[in-house]
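Dropping coords.txt in here (compact mmCIF, N, CA and C atoms):
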# COMPACT_ATOMS: atom_id res chain seq x y z
N MET A 75 -24.73 20.76 30.98
CA MET A 75 -25.43 20.46 32.23
C MET A 75 -25.95 21.75 32.83
N ASN A 76 -27.22 21.77 33.15
CA ASN A 76 -27.87 22.96 33.69
C ASN A 76 -28.07 22.90 35.20
N VAL A 77 -28.09 21.69 35.77
CA VAL A 77 -28.24 21.55 37.21
C VAL A 77 -26.88 21.82 37.85
N ILE A 78 -26.89 22.60 38.93
CA ILE A 78 -25.65 23.01 39.58
C ILE A 78 -25.51 22.28 40.91
N ASN A 79 -24.39 21.58 41.09
CA ASN A 79 -24.12 20.90 42.36
C ASN A 79 -23.58 21.91 43.36
N LEU A 80 -24.12 21.86 44.57
CA LEU A 80 -23.71 22.78 45.63
C LEU A 80 -23.12 22.03 46.82
N ASN A 81 -22.07 22.61 47.40
CA ASN A 81 -21.62 22.16 48.71
C ASN A 81 -22.21 23.13 49.74
N GLU A 82 -21.87 22.96 51.00
CA GLU A 82 -22.48 23.81 52.04
C GLU A 82 -22.11 25.28 51.88
N ALA A 83 -20.86 25.58 51.51
CA ALA A 83 -20.44 26.98 51.33
C ALA A 83 -21.18 27.60 50.14
N ASP A 84 -21.29 26.86 49.04
CA ASP A 84 -22.01 27.36 47.87
C ASP A 84 -23.47 27.63 48.21
N PHE A 85 -24.08 26.71 48.97
CA PHE A 85 -25.47 26.87 49.35
C PHE A 85 -25.65 28.15 50.17
N SER A 86 -24.76 28.38 51.13
CA SER A 86 -24.85 29.59 51.95
C SER A 86 -24.73 30.85 51.11
N HIS A 87 -23.91 30.80 50.10
CA HIS A 87 -23.70 31.97 49.23
C HIS A 87 -24.85 32.17 48.24
N ARG A 88 -25.33 31.10 47.62
CA ARG A 88 -26.30 31.21 46.53
C ARG A 88 -27.76 31.08 46.97
N VAL A 89 -27.99 30.37 48.08
CA VAL A 89 -29.38 30.08 48.46
C VAL A 89 -29.75 30.73 49.78
N ALA A 90 -29.18 30.30 50.89
CA ALA A 90 -29.53 30.84 52.20
C ALA A 90 -28.47 30.45 53.22
N ASP A 91 -28.35 31.24 54.27
CA ASP A 91 -27.43 30.93 55.37
C ASP A 91 -28.11 29.90 56.26
N TYR A 92 -27.83 28.64 56.00
CA TYR A 92 -28.51 27.56 56.73
C TYR A 92 -28.05 27.45 58.18
N SER A 93 -26.94 28.07 58.54
CA SER A 93 -26.43 27.97 59.91
C SER A 93 -27.08 28.99 60.85
N ALA A 94 -27.80 29.95 60.31
CA ALA A 94 -28.48 30.96 61.12
C ALA A 94 -29.70 30.33 61.81
N PRO A 95 -30.22 30.97 62.85
CA PRO A 95 -31.44 30.45 63.48
C PRO A 95 -32.54 30.24 62.44
N HIS A 96 -33.26 29.17 62.58
CA HIS A 96 -34.31 28.77 61.64
C HIS A 96 -33.73 28.57 60.24
N ALA A 97 -32.46 28.17 60.17
CA ALA A 97 -31.74 27.86 58.93
C ALA A 97 -31.71 29.01 57.94
N GLY A 98 -31.81 30.25 58.42
CA GLY A 98 -31.67 31.39 57.53
C GLY A 98 -32.53 31.28 56.29
N ARG A 99 -33.82 31.31 56.46
CA ARG A 99 -34.74 31.06 55.36
C ARG A 99 -34.82 32.21 54.35
N HIS A 100 -34.11 33.29 54.58
CA HIS A 100 -34.13 34.40 53.63
C HIS A 100 -33.36 33.99 52.37
N TYR A 101 -34.07 33.89 51.27
CA TYR A 101 -33.47 33.44 50.02
C TYR A 101 -32.58 34.53 49.43
N ARG A 102 -31.39 34.14 48.98
CA ARG A 102 -30.38 35.09 48.49
C ARG A 102 -30.28 35.15 46.97
N GLY A 103 -30.97 34.31 46.25
CA GLY A 103 -30.80 34.21 44.81
C GLY A 103 -31.43 35.35 44.03
N ASP A 104 -31.09 35.40 42.75
CA ASP A 104 -31.63 36.43 41.87
C ASP A 104 -32.81 35.94 41.03
N ARG A 105 -33.15 34.66 41.17
CA ARG A 105 -34.35 34.08 40.59
C ARG A 105 -34.73 32.87 41.43
N PRO A 106 -35.98 32.42 41.38
CA PRO A 106 -36.40 31.29 42.22
C PRO A 106 -35.52 30.06 41.98
N ALA A 107 -35.56 29.13 42.94
CA ALA A 107 -34.70 27.95 42.85
C ALA A 107 -35.40 26.68 43.30
N ILE A 108 -34.92 25.59 42.71
CA ILE A 108 -35.29 24.24 43.13
C ILE A 108 -34.00 23.63 43.67
N VAL A 109 -34.08 23.04 44.88
CA VAL A 109 -32.91 22.38 45.46
C VAL A 109 -33.27 20.92 45.72
N ASP A 110 -32.55 20.03 45.05
CA ASP A 110 -32.75 18.60 45.18
C ASP A 110 -31.74 18.04 46.17
N PHE A 111 -32.21 17.51 47.29
CA PHE A 111 -31.35 16.82 48.25
C PHE A 111 -31.36 15.34 47.88
N TYR A 112 -30.19 14.79 47.57
CA TYR A 112 -30.10 13.45 47.01
C TYR A 112 -28.88 12.71 47.57
N ALA A 113 -28.78 11.43 47.20
CA ALA A 113 -27.58 10.63 47.47
C ALA A 113 -27.30 9.81 46.22
N ALA A 114 -26.04 9.56 45.96
CA ALA A 114 -25.64 8.82 44.76
C ALA A 114 -26.18 7.39 44.76
N TRP A 115 -26.35 6.79 45.93
CA TRP A 115 -26.82 5.41 46.04
C TRP A 115 -28.34 5.27 45.97
N CYS A 116 -29.06 6.37 45.94
CA CYS A 116 -30.53 6.38 46.01
C CYS A 116 -31.15 6.21 44.61
N THR A 117 -31.85 5.10 44.40
CA THR A 117 -32.46 4.83 43.10
C THR A 117 -33.51 5.87 42.72
N PRO A 118 -34.46 6.24 43.60
CA PRO A 118 -35.41 7.29 43.22
C PRO A 118 -34.71 8.62 42.89
N CYS A 119 -33.61 8.91 43.56
CA CYS A 119 -32.85 10.13 43.27
C CYS A 119 -32.28 10.07 41.86
N ARG A 120 -31.75 8.92 41.49
CA ARG A 120 -31.19 8.75 40.14
C ARG A 120 -32.29 8.86 39.09
N MET A 121 -33.48 8.41 39.40
CA MET A 121 -34.61 8.51 38.47
C MET A 121 -35.08 9.96 38.31
N LEU A 122 -34.95 10.75 39.37
CA LEU A 122 -35.36 12.15 39.34
C LEU A 122 -34.35 13.03 38.60
N ALA A 123 -33.09 12.63 38.58
CA ALA A 123 -32.02 13.45 38.00
C ALA A 123 -32.28 13.90 36.57
N PRO A 124 -32.65 13.01 35.63
CA PRO A 124 -32.88 13.49 34.27
C PRO A 124 -34.09 14.42 34.14
N VAL A 125 -35.08 14.22 35.01
CA VAL A 125 -36.24 15.12 35.02
C VAL A 125 -35.79 16.52 35.42
N LEU A 126 -34.95 16.62 36.44
CA LEU A 126 -34.46 17.92 36.88
C LEU A 126 -33.54 18.55 35.84
N GLU A 127 -32.77 17.74 35.12
CA GLU A 127 -31.94 18.27 34.03
C GLU A 127 -32.83 18.90 32.95
N GLU A 128 -33.91 18.22 32.62
CA GLU A 128 -34.84 18.74 31.62
C GLU A 128 -35.50 20.03 32.12
N ILE A 129 -35.94 20.03 33.37
CA ILE A 129 -36.55 21.23 33.96
C ILE A 129 -35.55 22.38 33.93
N ALA A 130 -34.31 22.12 34.30
CA ALA A 130 -33.28 23.16 34.30
C ALA A 130 -33.07 23.73 32.91
N SER A 131 -33.13 22.89 31.90
CA SER A 131 -32.95 23.35 30.53
C SER A 131 -34.14 24.19 30.06
N VAL A 132 -35.34 23.70 30.31
CA VAL A 132 -36.56 24.39 29.87
C VAL A 132 -36.72 25.74 30.57
N TYR A 133 -36.42 25.79 31.86
CA TYR A 133 -36.64 27.01 32.66
C TYR A 133 -35.33 27.75 32.95
N ARG A 134 -34.31 27.55 32.13
CA ARG A 134 -32.97 28.08 32.41
C ARG A 134 -32.92 29.59 32.60
N ASN A 135 -33.84 30.34 32.03
CA ASN A 135 -33.84 31.79 32.19
C ASN A 135 -34.78 32.27 33.29
N GLU A 136 -35.48 31.33 33.94
CA GLU A 136 -36.48 31.71 34.93
C GLU A 136 -36.16 31.26 36.35
N LEU A 137 -35.38 30.18 36.48
CA LEU A 137 -35.08 29.68 37.82
C LEU A 137 -33.77 28.90 37.81
N TRP A 138 -33.26 28.63 39.00
CA TRP A 138 -32.05 27.83 39.20
C TRP A 138 -32.47 26.44 39.64
N VAL A 139 -31.71 25.44 39.24
CA VAL A 139 -31.91 24.08 39.75
C VAL A 139 -30.58 23.62 40.35
N TYR A 140 -30.62 23.32 41.64
CA TYR A 140 -29.42 22.92 42.38
C TYR A 140 -29.58 21.50 42.91
N LYS A 141 -28.44 20.83 43.16
CA LYS A 141 -28.42 19.53 43.80
C LYS A 141 -27.48 19.59 45.00
N VAL A 142 -27.89 18.95 46.09
CA VAL A 142 -27.08 18.87 47.30
C VAL A 142 -26.98 17.40 47.70
N ASN A 143 -25.76 16.89 47.77
CA ASN A 143 -25.52 15.50 48.18
C ASN A 143 -25.59 15.43 49.70
N VAL A 144 -26.59 14.71 50.23
CA VAL A 144 -26.79 14.65 51.68
C VAL A 144 -25.66 13.94 52.41
N ASP A 145 -24.96 13.04 51.73
CA ASP A 145 -23.84 12.35 52.37
C ASP A 145 -22.65 13.27 52.56
N GLN A 146 -22.52 14.28 51.71
CA GLN A 146 -21.42 15.23 51.80
C GLN A 146 -21.79 16.51 52.53
N CYS A 147 -23.09 16.76 52.70
CA CYS A 147 -23.56 18.01 53.32
C CYS A 147 -24.56 17.70 54.44
N LYS A 148 -24.10 16.95 55.43
CA LYS A 148 -24.99 16.48 56.50
C LYS A 148 -25.58 17.61 57.32
N ALA A 149 -24.80 18.63 57.64
CA ALA A 149 -25.31 19.75 58.45
C ALA A 149 -26.39 20.51 57.68
N LEU A 150 -26.20 20.68 56.41
CA LEU A 150 -27.18 21.37 55.57
C LEU A 150 -28.48 20.56 55.49
N ALA A 151 -28.37 19.26 55.27
CA ALA A 151 -29.56 18.41 55.23
C ALA A 151 -30.29 18.45 56.56
N GLU A 152 -29.55 18.43 57.64
CA GLU A 152 -30.16 18.49 58.98
C GLU A 152 -30.86 19.83 59.20
N ALA A 153 -30.26 20.91 58.75
CA ALA A 153 -30.85 22.25 58.93
C ALA A 153 -32.22 22.36 58.26
N TYR A 154 -32.41 21.64 57.16
CA TYR A 154 -33.69 21.67 56.45
C TYR A 154 -34.53 20.43 56.73
N ASP A 155 -34.17 19.70 57.78
CA ASP A 155 -34.93 18.54 58.25
C ASP A 155 -35.16 17.52 57.13
N VAL A 156 -34.11 17.27 56.36
CA VAL A 156 -34.19 16.28 55.30
C VAL A 156 -33.97 14.91 55.94
N ARG A 157 -35.03 14.12 56.00
CA ARG A 157 -34.98 12.80 56.63
C ARG A 157 -35.14 11.67 55.63
N SER A 158 -35.68 12.00 54.47
CA SER A 158 -35.86 11.03 53.38
C SER A 158 -35.39 11.67 52.09
N ILE A 159 -34.92 10.83 51.19
CA ILE A 159 -34.50 11.36 49.90
C ILE A 159 -35.17 10.58 48.79
N PRO A 160 -35.41 11.22 47.67
CA PRO A 160 -35.12 12.62 47.42
C PRO A 160 -36.08 13.55 48.18
N THR A 161 -35.55 14.69 48.58
CA THR A 161 -36.34 15.79 49.10
C THR A 161 -36.03 16.99 48.23
N VAL A 162 -37.07 17.65 47.76
CA VAL A 162 -36.90 18.80 46.89
C VAL A 162 -37.50 20.01 47.58
N LEU A 163 -36.70 21.08 47.67
CA LEU A 163 -37.17 22.34 48.22
C LEU A 163 -37.35 23.34 47.09
N PHE A 164 -38.46 24.05 47.11
CA PHE A 164 -38.76 25.08 46.13
C PHE A 164 -38.63 26.43 46.84
N PHE A 165 -37.66 27.24 46.42
CA PHE A 165 -37.38 28.54 47.04
C PHE A 165 -37.95 29.65 46.17
N PRO A 166 -39.09 30.25 46.58
CA PRO A 166 -39.59 31.41 45.83
C PRO A 166 -38.75 32.64 46.18
N MET A 167 -38.90 33.69 45.43
CA MET A 167 -38.16 34.92 45.71
C MET A 167 -38.55 35.49 47.08
N ASP A 168 -39.81 35.38 47.43
CA ASP A 168 -40.30 35.85 48.73
C ASP A 168 -41.02 34.71 49.42
N GLY A 169 -40.86 34.62 50.72
CA GLY A 169 -41.57 33.60 51.47
C GLY A 169 -40.69 32.40 51.78
N CYS A 170 -41.28 31.45 52.47
CA CYS A 170 -40.56 30.25 52.92
C CYS A 170 -40.49 29.21 51.81
N PRO A 171 -39.45 28.39 51.85
CA PRO A 171 -39.36 27.30 50.88
C PRO A 171 -40.47 26.27 51.11
N VAL A 172 -40.86 25.61 50.05
CA VAL A 172 -41.87 24.55 50.10
C VAL A 172 -41.16 23.23 49.85
N LYS A 173 -41.44 22.24 50.69
CA LYS A 173 -40.76 20.94 50.62
C LYS A 173 -41.67 19.87 50.04
N MET A 174 -41.08 19.05 49.15
CA MET A 174 -41.74 17.85 48.65
C MET A 174 -40.78 16.69 48.88
N VAL A 175 -41.30 15.59 49.41
CA VAL A 175 -40.47 14.43 49.74
C VAL A 175 -40.89 13.25 48.87
N GLY A 176 -39.90 12.54 48.38
CA GLY A 176 -40.15 11.35 47.58
C GLY A 176 -40.01 11.61 46.10
N ALA A 177 -40.21 10.55 45.33
CA ALA A 177 -40.13 10.67 43.87
C ALA A 177 -41.26 11.56 43.39
N ILE A 178 -40.91 12.59 42.67
CA ILE A 178 -41.88 13.57 42.19
C ILE A 178 -41.93 13.47 40.68
N SER A 179 -43.12 13.51 40.13
CA SER A 179 -43.26 13.46 38.67
C SER A 179 -42.88 14.80 38.05
N LYS A 180 -42.57 14.78 36.78
CA LYS A 180 -42.28 16.03 36.06
C LYS A 180 -43.48 16.97 36.17
N ARG A 181 -44.66 16.42 36.01
CA ARG A 181 -45.88 17.22 36.11
C ARG A 181 -46.01 17.88 37.49
N GLY A 182 -45.68 17.12 38.55
CA GLY A 182 -45.74 17.66 39.91
C GLY A 182 -44.73 18.78 40.11
N ILE A 183 -43.54 18.61 39.56
CA ILE A 183 -42.52 19.65 39.67
C ILE A 183 -42.97 20.90 38.92
N GLU A 184 -43.48 20.72 37.71
CA GLU A 184 -43.93 21.88 36.94
C GLU A 184 -45.09 22.59 37.62
N GLN A 185 -45.97 21.84 38.26
CA GLN A 185 -47.06 22.46 39.00
C GLN A 185 -46.50 23.34 40.13
N MET A 186 -45.51 22.83 40.86
CA MET A 186 -44.90 23.61 41.93
C MET A 186 -44.16 24.83 41.37
N ILE A 187 -43.52 24.68 40.23
CA ILE A 187 -42.84 25.81 39.61
C ILE A 187 -43.83 26.93 39.35
N HIS A 188 -44.97 26.59 38.76
CA HIS A 188 -45.95 27.62 38.40
C HIS A 188 -46.70 28.17 39.61
N GLU A 189 -47.01 27.33 40.59
CA GLU A 189 -47.78 27.78 41.75
C GLU A 189 -46.92 28.46 42.81
N VAL A 190 -45.71 27.96 43.04
CA VAL A 190 -44.88 28.45 44.14
C VAL A 190 -43.78 29.40 43.66
N LEU A 191 -43.10 29.04 42.59
CA LEU A 191 -41.94 29.82 42.17
C LEU A 191 -42.29 30.97 41.23
N LEU A 192 -43.05 30.69 40.19
CA LEU A 192 -43.37 31.72 39.20
C LEU A 192 -44.71 32.38 39.47
N LYS A 193 -45.50 31.74 40.32
CA LYS A 193 -46.83 32.23 40.71
C LYS A 193 -47.71 32.51 39.49
N THR A 194 -47.71 31.54 38.57
CA THR A 194 -48.57 31.58 37.40
C THR A 194 -49.38 30.30 37.37
N GLN A 195 -50.36 30.25 36.54
CA GLN A 195 -51.13 29.03 36.38
C GLN A 195 -50.36 28.09 35.46
N PRO A 196 -50.42 26.79 35.71
CA PRO A 196 -49.72 25.84 34.83
C PRO A 196 -50.32 25.87 33.42
N HIS A 197 -49.48 25.58 32.46
CA HIS A 197 -49.93 25.47 31.09
C HIS A 197 -50.50 24.08 30.90
N HIS A 198 -51.76 24.00 30.48
CA HIS A 198 -52.38 22.69 30.32
C HIS A 198 -52.10 22.17 28.92
N GLU A 199 -51.74 20.89 28.87
CA GLU A 199 -51.49 20.25 27.59
C GLU A 199 -52.82 19.95 26.90
N GLU A 200 -52.83 20.13 25.59
CA GLU A 200 -54.03 19.77 24.85
C GLU A 200 -54.04 18.27 24.65
N VAL A 201 -55.21 17.68 24.75
CA VAL A 201 -55.34 16.23 24.60
C VAL A 201 -55.81 15.88 23.21
Since I need it in another form, could you write the structure as structure tokens?
Amino acid sequence: MNVINLNEADFSHRVADYSAPHAGRHYRGDRPAIVDFYAAWCTPCRMLAPVLEEIASVYRNELWVYKVNVDQCKALAEAYDVRSIPTVLFFPMDGCPVKMVGAISKRGIEQMIHEVLLKTQPHHEEV
């Protein structure tokens, strides 16, 4: 398993101090990260899970993929204004996180990886 489950303490240590003013948006990681805010009962969240596992495997040396259970980490979800799930935050090394809400396609996630996290152009598939 390449996706890492985080509780609030882990998030503060690995990602950002969410309890600071403006949720401590200064990213603490050593490579960019994707954070999936989910719930076990959420069908779209369950559909997104294998996509994120695949992304974590493919990009394992370039970025982190984390999951945060909103039912167990309510203060953290509130700090990032997570009102719908799934909500995915993309944390670049510099700058503010970018939020996407709802079921996201693999292609959409990869586009965000290249544009926001790695700051490269996406690789286009040959048809």
*Provide the atom C of His188 of chain A to atom CA of Arg157 of chain A distance in Å, to one decimal place.*
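Value for the atom C of His188 of chain A-atom CA of Arg157 of chain A distance: 25.8 Å.
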*Of the candidates A:Cys147, A:Ile159, A:Val77, A:Leu192, which one gets nearest to Glu128 of chain A if we count all atoms listed in the file?*
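Residue with the minimum atom-to-atom distance to Glu128 of chain A: A:Val77.
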*So, counting only C-alpha atoms, which residue among A:Tyr140, A:Phe165, A:Tyr154, A:Tyr92 is closest to Asn79 of chain A?*
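Checking each candidate against Asn79 of chain A, we get A:Tyr140 as the closest.
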*Going by DSSP on the backbone, which bits of chain A are strand (DSSP E or B)? Write them as a VMD selection string, please.*
chain A and resid 78 to 80 107 to 112 138 to 143 161 to 165 172 to 175
*Could you give me, as number ranges by chain, the residues within 8 Å of segment 99-108 of chain A, counting all atoms listed in the file and dropping anything in the same chain fewer than 5 positions from it?*
A: 86-94, 135-141, 162-171, 190-192
*If you measure from atom CA of Ile178 of chain A to atom CA of Phe85 of chain A, what distance in Å do you get, rounded to one decimal?*
22.3 Å
*Interatomic distance between atom C of Gly176 of chain A and atom CA of Pro124 of chain A?*
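Atom-to-atom, atom C of Gly176 of chain A to atom CA of Pro124 of chain A, that is 13.9 Å.
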Could I get the residues of segment 125-186 of chain A with an atom no further than 6.5 Å from an atom of segment 112-115 of chain A, each paired with its nearest atom pair and that distance in Å to one decimal, using only N, CA and C atoms, sorted by chain and residue number, as CSV?
residue,atom,partner,partner_atom,distance
A:Lys141,C,A:Tyr112,N,6.1
A:Val142,C,A:Tyr112,N,4.1
A:Asn143,CA,A:Tyr112,C,4.4
A:Val144,N,A:Tyr112,C,4.0
A:Asp145,N,A:Ala113,CA,5.6
A:Ile159,CA,A:Tyr112,CA,5.7
A:Pro160,CA,A:Tyr112,CA,5.1
A:Thr161,N,A:Tyr112,N,5.5
*Where in segment 77-169 of chain A does DSSP assign alpha helix (DSSP H), given as a list in words?*
Glu82, Ala83, Asp84, Phe85, Ser86, His87, Arg88, Thr117, Pro118, Cys119, Arg120, Met121, Leu122, Ala123, Pro124, Val125, Leu126, Glu127, Glu128, Ile129, Ala130, Ser131, Val132, Lys148, Ala149, Leu150, Ala151, Glu152 and Ala153 of chain A
*asked:* Could you check the closest approach to Asn76 of chain A for each of A:Ser131, A:Ser158, A:Val125, A:Pro118 and tell me which residue wins, using only N, CA and C atoms?
replied: A:Ser131
_Proximity to Asn81 of chain A - best of A:Leu150, A:Ile183, A:Met174, A:Ala130, only C-alpha atoms_ =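 Using only C-alpha atoms, Asn81 of chain A sits closest to A:Leu150.
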